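Asks: Structure provided below as structure tokens; questions to follow.
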There are 2 protein chains.
Amino acid sequence: MADPRLVEHAKFIVHKSTRVKKNDNLVIHIDDDGMDLAVEIYKAASELGAHPIITAAPSEALRAQLAKAPKDTLTSTPQHMLSLISNCDVYIGVRSDSNIRALASVEPKSLAMYSKGQHPINEARLTKRWCLTQYPNGAYAQEAGMSLSEYQDFVYGAILLDVDEQHNRMEKLADLMKSADKVRLTGNRTDLEFSIKGRTPVISDPVHNVPSGEVFTAPLDTSANGEVYFDLPAIRLGREVKGVNLEFRDGKVVDVSAEQNEDFLREQLNIDEGAKRLGEFGVGMNLKINRFTKNILFDEKIAGTIHLAMGRAYKENGGTNESILHWDFIKNMREGAIKMDGKTIQSMGRFHWDS
Amino acid sequence: MADPRLVEHAKFIVHKSTRVKKNDNLVIHIDDDGMDLAVEIYKAASELGAHPIITAAPSEALRAQLAKAPKDTLTSTPQHMLSLISNCDVYIGVRSDSNIRALASVEPKSLAMYSKGQHPINEARLTKRWCLTQYPNGAYAQEAGMSLSEYQDFVYGAILLDVDEQHNRMEKLADLMKSADKVRLTGNRTDLEFSIKGRTPVISDPVHNVPSGEVFTAPLDTSANGEVYFDLPAIRLGREVKGVNLEFRDGKVVDVSAEQNEDFLREQLNIDEGAKRLGEFGVGMNLKINRFTKNILFDEKIAGTIHLAMGRAYKENGGTNESILHWDFIKNMREGAIKMDGKTIQSMGRFHWDS
């Protein structure tokens with residue numbers, strides 16, 4: 001018998017997150033592992049009369065493609081994949097790489113070219129009822145520094161929690177952000193200010209992300225000034241970038257440094273113009289996510305952190321920045337403060353309204 | 001390191017069978033197992049600049065859908081899957097169910113409804129460069145009555161053989177069939193005659209089927225008269241039908257019996273009008289396939305057998321019979337004979353030109 005939490009997880013995604021209904025065309029995508037979760041999602045969805053298809057992109061296959069495919073084929077968009085996504089109603093992505101470093105030796109340029117080719121497919125996905133979730137496997141457990149069973153407890157704990165209680169806490173913050181103009185982040189080599197005026201803060205219930213628990217908005221494109229230091233590593237396409245320092249002037253990054261993988265960071269921020277501007281400001285609000293696990297789906301929701309994304313902004317925030325990049329950088333706020341229009345709303349990771 | 005024959009198998013499919021080329025859109029479909037073969041196919045294809053996607057239909061997922069989905073959703077054709085196939089250039093199907101009996105308890109009616117819904121997708125597939133192959137796993141080994149390593153030897157033996165030598169033998173038979181009118185099959189409760197006049201015999205090199213090795217054509221729709229007994233079991237959608245006896249009058253089955261699963265047989269032959277007529281007459285020609293393994297991809301190519309399919313005929317033969325069914329029934333000819341226009345061309349499983 002399967003772990004009953006696996007079945008609960010699948011049902012949560014089908015019934016609550018993506019609200020699958022009769023005759024929905026559904027795509028369930030896995031990387032390497034996670035086929036047993038995909039099967040449970042398939043079962044729950046088809047019972048409702050939906051039409052699921054399972055697709056997989058094993059990391060060894062992707063690595064070989066990025067390393068050996070003729071370069072000009074990487075940037076082209078496969079029409080069969082685009083039409084699959086364009087004709088679906090619901091897209092469920094299950095993160096489940098069996099080796100998170102599988103792409104480590106691939107040239108950054110090939111990765112950037114591949115991202116360009118896949119961009120229209122990713123865009124099409126965002127017009128659907130989509131959801132990104134995590135399959136707790138050995139690779140992610142190892143990355144998090146836990147045993148598999150500890151990691152399963154962690155993942156299912158963050159997913160199968162009281163989502164109403166979490167929603168109420170997030171609503172409080174979103175109400176403040178709605179009327180705010182200037183946001184200032186301070187502490188640990190950081191003093192950054194930007195505006196969120198007129199933008200729409202979004203309460204992230206576990207709909208597009210499972211787990212969820214964050215409130216996010218889009219900074220105004222030309223508003224960021226100052227510098228920010230990200231004490232937690234940022235991971236993208238198998239690369240770990242550590243100790244990132246970004247300096248902004250009128251919304252644009254003018255100075256970049258990193259203690260590890262600085263070249264890769266520069267390469268990514270040079271993909272296009274929008275990659276040098278902020279696309280998102282988010283505040284972590286999931287109380288069950290209480291440690292850094294080197295996994296953005298969880299880390300950006302750690303209570304007591306904020307994150308800033310470089311690149312594309314979300315339309316739902318009223319964001320305008322365009323880019324093929326959307327890369328989140330997380331900052332631990334337990335040594336800092338968040339101010340809005342001069343008023344401290346969080347200090348040392350605790351909201352001023354917390355006891 | 002993977003079994004080197006797995007890599008050879010993948011390369012055979014990509015380079016020889018489907019002749020993948022730059023910018024081809026490719027679909028690789030597996031059932032349960034076979035992901036390692038899919039990955040090798042993906043690697044070989046993307047190295048040429050093709051765009052592969054891997055899809056999977058795990059048998060437990062399909063079983064749950066057939067058992068529990070609202071009936072009216074089974075007969076509808078999922079547009080996202082249809083568009084995926086319509087927009088591909090190459091389709092590679094890898095037979096790899098981890099349990100060949102997974103659908104055994106599903107109602108025949110549900111299976112028939114599902115077949116109807118999938119029919120346009122299957123039709124679209126046949127307009128592409130397509131290939132069906134076998135992943136040698138435990139379930140198929142068990143079904144064949146062999147150990148896994150024996151079965152791997154059997155499968156790779158049948159695939160990685162001298163295809164030119166095989167082609168020459170098949171050409172000899174095809175030349176005879178090209179000018180033939182009446183075919184008569186006799187022996188072991190069998191005396192059946194039908195016409196293949198004006199139809200085009202096809203030499204099956206390992207293009208659409210890997211392995212291959214058969215020569216097949218389409219009988220004239222109203223020409224079959226007499227009776228035929230199939231001494232080997234016929235398997236479809238997890239059901240094994242044994243001891244099938246069919247009696248034809250003017251091309252149509254007028255009497256049906258089976259020693260096992262006769263109801264299922266009748267159900268299938270009643271799917272539509274075309275299901276009661278012959279769609280194919282084939283002669284097995286692969287010398288490395290020397291035993292019955294309860295797997296049609298192999299069994300229909302056993303040297304010394306013939307097979308007749310009920311249902312749809314192939315356009316490449318100039319066949320005209322239409323049906324959503326295409327179900328092969330195999331007959332061991334080691335106790336019989338094949339005559340063409342009165343002349344014995346094969347007796348006791350040996351061609352008259354063999355020494």
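By convention in this document, the chains of the structure tokens carry letters A, B, ... by their order, each chain's residues are numbered from 1, and ligands are numbered from 1 in the order they are shown.
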Can you pull out every residue within 12 Å of stretch 106-116 of chain A, counting only C-alpha atoms, but drop anything in the same chain fewer than 6 positions away, and send it as a VMD selection string?

Replies: (chain A and resid 59 to 60 62 to 78 122 to 123 236 to 239 261 to 272 275 323 to 326) or (chain B and resid 51)

Asks: Would you list the contacts of A:Ile53 as a PyMOL selection string, taking every protein, DNA or RNA residue within 7 Å and counting only C-alpha atoms, but skipping same-chain residues closer than 5 positions in sequence?

Replies: chain A and resi 26-28

Asks: Can you spit out the residues from that selection as an mmCIF file, in the first residue's frame, using N, CA, C and O atoms?

Replies:
```cif
data_model
loop_
_atom_site.group_PDB
_atom_site.id
_atom_site.type_symbol
_atom_site.label_atom_id
_atom_site.label_comp_id
_atom_site.auth_asym_id
_atom_site.auth_seq_id
_atom_site.Cartn_x
_atom_site.Cartn_y
_atom_site.Cartn_z
ATOM 1 N N LEU A 26 -5.834 17.303 -19.064
ATOM 2 C CA LEU A 26 -4.870 17.449 -17.984
ATOM 3 C C LEU A 26 -3.493 16.947 -18.421
ATOM 4 O O LEU A 26 -3.392 15.915 -19.061
ATOM 5 N N VAL A 27 -2.451 17.711 -18.080
ATOM 6 C CA VAL A 27 -1.075 17.246 -18.285
ATOM 7 C C VAL A 27 -0.417 17.119 -16.915
ATOM 8 O O VAL A 27 -0.437 18.069 -16.123
ATOM 9 N N ILE A 28 0.141 15.945 -16.630
ATOM 10 C CA ILE A 28 0.892 15.725 -15.393
ATOM 11 C C ILE A 28 2.345 15.507 -15.808
ATOM 12 O O ILE A 28 2.643 14.570 -16.549
#
```

Asks: Would you list the contacts of A:Asn295 as a list in words, taking every protein, DNA or RNA residue within 8 Å and counting only C-alpha atoms, but skipping same-chain residues closer than 5 positions in sequence?

Replies: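 In the requested format, the answer is Tyr140, Ala144 and Ile235 of chain A.
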
Asks: Store the residues picked out above, limited to N, CA, C and O atoms, as a PDB file, in the first residue's frame.

Replies:
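result_14.pdb written:
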```
ATOM      1  N   TYR A 140      16.207  15.201  -3.235  1.00  0.00           N
ATOM      2  CA  TYR A 140      15.803  16.432  -2.543  1.00  0.00           C
ATOM      3  C   TYR A 140      16.036  16.310  -1.037  1.00  0.00           C
ATOM      4  O   TYR A 140      16.352  17.296  -0.379  1.00  0.00           O
ATOM      5  N   ALA A 144      18.510  18.656   1.121  1.00  0.00           N
ATOM      6  CA  ALA A 144      18.002  19.344   2.313  1.00  0.00           C
ATOM      7  C   ALA A 144      18.773  18.949   3.571  1.00  0.00           C
ATOM      8  O   ALA A 144      18.588  19.549   4.631  1.00  0.00           O
ATOM      9  N   ILE A 235      19.587  28.715  -6.380  1.00  0.00           N
ATOM     10  CA  ILE A 235      19.886  27.572  -7.246  1.00  0.00           C
ATOM     11  C   ILE A 235      19.058  27.683  -8.520  1.00  0.00           C
ATOM     12  O   ILE A 235      17.871  27.986  -8.479  1.00  0.00           O
TER      13      ILE A 235
END
```

Asks: Can you list, as a count of residues only, every protein, DNA or RNA residue that comes within 10 Å of A:Lys288 when you count only C-alpha atoms, leaving out same-chain residues fewer than 3 positions away?

Replies: 16

Asks: Could you give me, as number ranges by chain, the residues within 8 Å of A:Leu278, counting only C-alpha atoms and dropping anything in the same chain fewer than 4 positions from it?

Replies: A: 218-219, 221, 224, 251-252, 308-313, 321

Asks: Write out the residues from the selection above, keeping N, CA, C and O atoms, as a short mmCIF file (atom, residue, chain, number, x, y, z; two decimals), in the first residue's frame.

Replies:
```cif
data_model
loop_
_atom_site.label_atom_id
_atom_site.label_comp_id
_atom_site.auth_asym_id
_atom_site.auth_seq_id
_atom_site.Cartn_x
_atom_site.Cartn_y
_atom_site.Cartn_z
N ALA A 218 4.66 42.92 -7.31
CA ALA A 218 5.67 43.27 -8.30
C ALA A 218 6.16 44.70 -8.04
O ALA A 218 5.37 45.63 -8.08
N PRO A 219 7.46 44.87 -7.77
CA PRO A 219 8.00 46.23 -7.62
C PRO A 219 7.84 47.01 -8.92
O PRO A 219 7.83 46.42 -10.01
N ASP A 221 9.06 48.95 -12.04
CA ASP A 221 10.25 48.56 -12.81
C ASP A 221 11.48 49.44 -12.58
O ASP A 221 12.61 48.95 -12.61
N ALA A 224 13.76 50.51 -7.89
CA ALA A 224 14.71 49.95 -6.91
C ALA A 224 16.02 50.73 -6.86
O ALA A 224 16.64 51.01 -7.90
N GLY A 251 16.05 50.96 -10.63
CA GLY A 251 15.39 49.71 -10.99
C GLY A 251 16.28 48.68 -11.65
O GLY A 251 15.91 47.51 -11.76
N LYS A 252 17.47 49.11 -12.09
CA LYS A 252 18.32 48.21 -12.87
C LYS A 252 19.55 47.80 -12.05
O LYS A 252 20.13 48.63 -11.34
N LEU A 308 13.30 38.13 -3.56
CA LEU A 308 13.19 39.04 -4.70
C LEU A 308 13.51 38.21 -5.94
O LEU A 308 14.46 37.44 -5.94
N ALA A 309 12.68 38.36 -6.97
CA ALA A 309 12.98 37.65 -8.22
C ALA A 309 13.51 38.63 -9.25
O ALA A 309 13.00 39.73 -9.39
N MET A 310 14.53 38.18 -9.97
CA MET A 310 15.03 38.94 -11.11
C MET A 310 14.28 38.44 -12.34
O MET A 310 14.15 37.23 -12.55
N GLY A 311 13.80 39.41 -13.16
CA GLY A 311 13.16 39.00 -14.40
C GLY A 311 11.66 39.22 -14.41
O GLY A 311 11.15 40.14 -13.76
N ARG A 312 10.98 38.35 -15.11
CA ARG A 312 9.57 38.56 -15.42
C ARG A 312 8.71 38.77 -14.17
O ARG A 312 8.86 38.10 -13.16
N ALA A 313 7.78 39.73 -14.30
CA ALA A 313 6.80 39.99 -13.25
C ALA A 313 5.51 39.27 -13.60
O ALA A 313 5.29 38.90 -14.76
N ASN A 321 7.30 44.11 -15.91
CA ASN A 321 8.63 43.70 -16.38
C ASN A 321 8.55 42.38 -17.15
O ASN A 321 7.92 41.43 -16.71
#
```

Asks: So that I can check the surroundings of B:Val94, please list as a list in words every protein, DNA and RNA residue that reaches within 10 Å of it, counting only C-alpha atoms and ignoring chain neighbours fewer than 6 positions away.

Replies: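 Selected residues are Ile28, His29, Ile30, Asp31, Asp32, Asp33, Gly34, Met35, Leu37, Ala38, Ala56, Cys131, Leu132, Thr133, Gln134, Tyr135, Pro136 and Val210 of chain B.
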
Asks: Just asking: which residues within stretch 84-264 of chain A are helix (DSSP H, G or I) according to DSSP, as a PyMOL selection string?

Replies: chain A and resi 84-86+108-126+138-144+148-159+163-178+262-264

Asks: For B:Leu173, list every protein, DNA or RNA residue within 10 Å, evaluated using only C-alpha atoms, and leave out those in the same chain fewer than 2 positions away; present the list as number ranges by chain.

Replies: B: 168-171, 175-178, 201, 203, 214-216, 283, 285, 345, 351

Asks: Okay, now the selection with N, CA and C atoms, as a compact mmCIF listing (two decimals), in the first residue's frame?

Replies:
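Saved to result27.txt:
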```
# COMPACT_ATOMS: atom_id res chain seq x y z
N ASN B 168 15.74 -10.27 -48.05
CA ASN B 168 15.81 -11.06 -49.28
C ASN B 168 14.84 -12.24 -49.26
N ARG B 169 14.74 -12.90 -48.10
CA ARG B 169 13.79 -14.02 -47.99
C ARG B 169 12.36 -13.53 -48.15
N MET B 170 12.07 -12.38 -47.58
CA MET B 170 10.71 -11.85 -47.64
C MET B 170 10.33 -11.42 -49.05
N GLU B 171 11.32 -10.92 -49.77
CA GLU B 171 11.08 -10.44 -51.14
C GLU B 171 10.60 -11.60 -52.03
N ASP B 175 6.98 -11.46 -53.94
CA ASP B 175 6.88 -11.54 -55.40
C ASP B 175 5.79 -12.53 -55.82
N LEU B 176 5.72 -13.65 -55.09
CA LEU B 176 4.67 -14.64 -55.37
C LEU B 176 3.28 -14.08 -55.09
N MET B 177 3.17 -13.37 -53.94
CA MET B 177 1.87 -12.86 -53.51
C MET B 177 1.36 -11.77 -54.45
N LYS B 178 2.28 -11.06 -55.05
CA LYS B 178 1.91 -9.94 -55.92
C LYS B 178 1.01 -10.38 -57.07
N PRO B 201 1.15 -6.73 -51.53
CA PRO B 201 1.82 -7.33 -50.38
C PRO B 201 2.94 -6.42 -49.89
N ILE B 203 6.40 -5.99 -47.58
CA ILE B 203 7.51 -6.62 -46.88
C ILE B 203 7.75 -5.83 -45.62
N GLU B 214 7.82 -10.05 -41.51
CA GLU B 214 6.58 -10.67 -41.97
C GLU B 214 6.26 -10.07 -43.33
N VAL B 215 5.48 -10.82 -44.12
CA VAL B 215 4.94 -10.27 -45.36
C VAL B 215 3.44 -10.29 -45.18
N PHE B 216 2.80 -9.15 -45.41
CA PHE B 216 1.34 -9.11 -45.18
C PHE B 216 0.62 -8.39 -46.30
N VAL B 283 2.34 -13.48 -43.05
CA VAL B 283 3.16 -14.69 -42.95
C VAL B 283 4.43 -14.36 -42.15
N MET B 285 8.16 -14.44 -40.75
CA MET B 285 9.42 -14.68 -41.48
C MET B 285 10.68 -14.43 -40.66
N ILE B 345 2.80 -23.48 -51.53
CA ILE B 345 4.05 -22.73 -51.41
C ILE B 345 4.71 -22.97 -50.06
N PHE B 351 8.88 -23.43 -46.57
CA PHE B 351 8.60 -22.99 -47.94
C PHE B 351 9.14 -24.02 -48.93
```

Asks: I'd like to know which of A:Val39, A:Ala337, A:Val20, A:Ala45 is closest to chain B, using only C-alpha atoms.

Replies: A:Val39

Asks: Considering only C-alpha atoms, state which residue in the set A:Val7, A:Leu48, A:Ile306, A:Ala2 is at the smallest distance from chain B.

Replies: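 Comparing A:Val7, A:Leu48, A:Ile306, A:Ala2 against chain B, the winner is A:Leu48.
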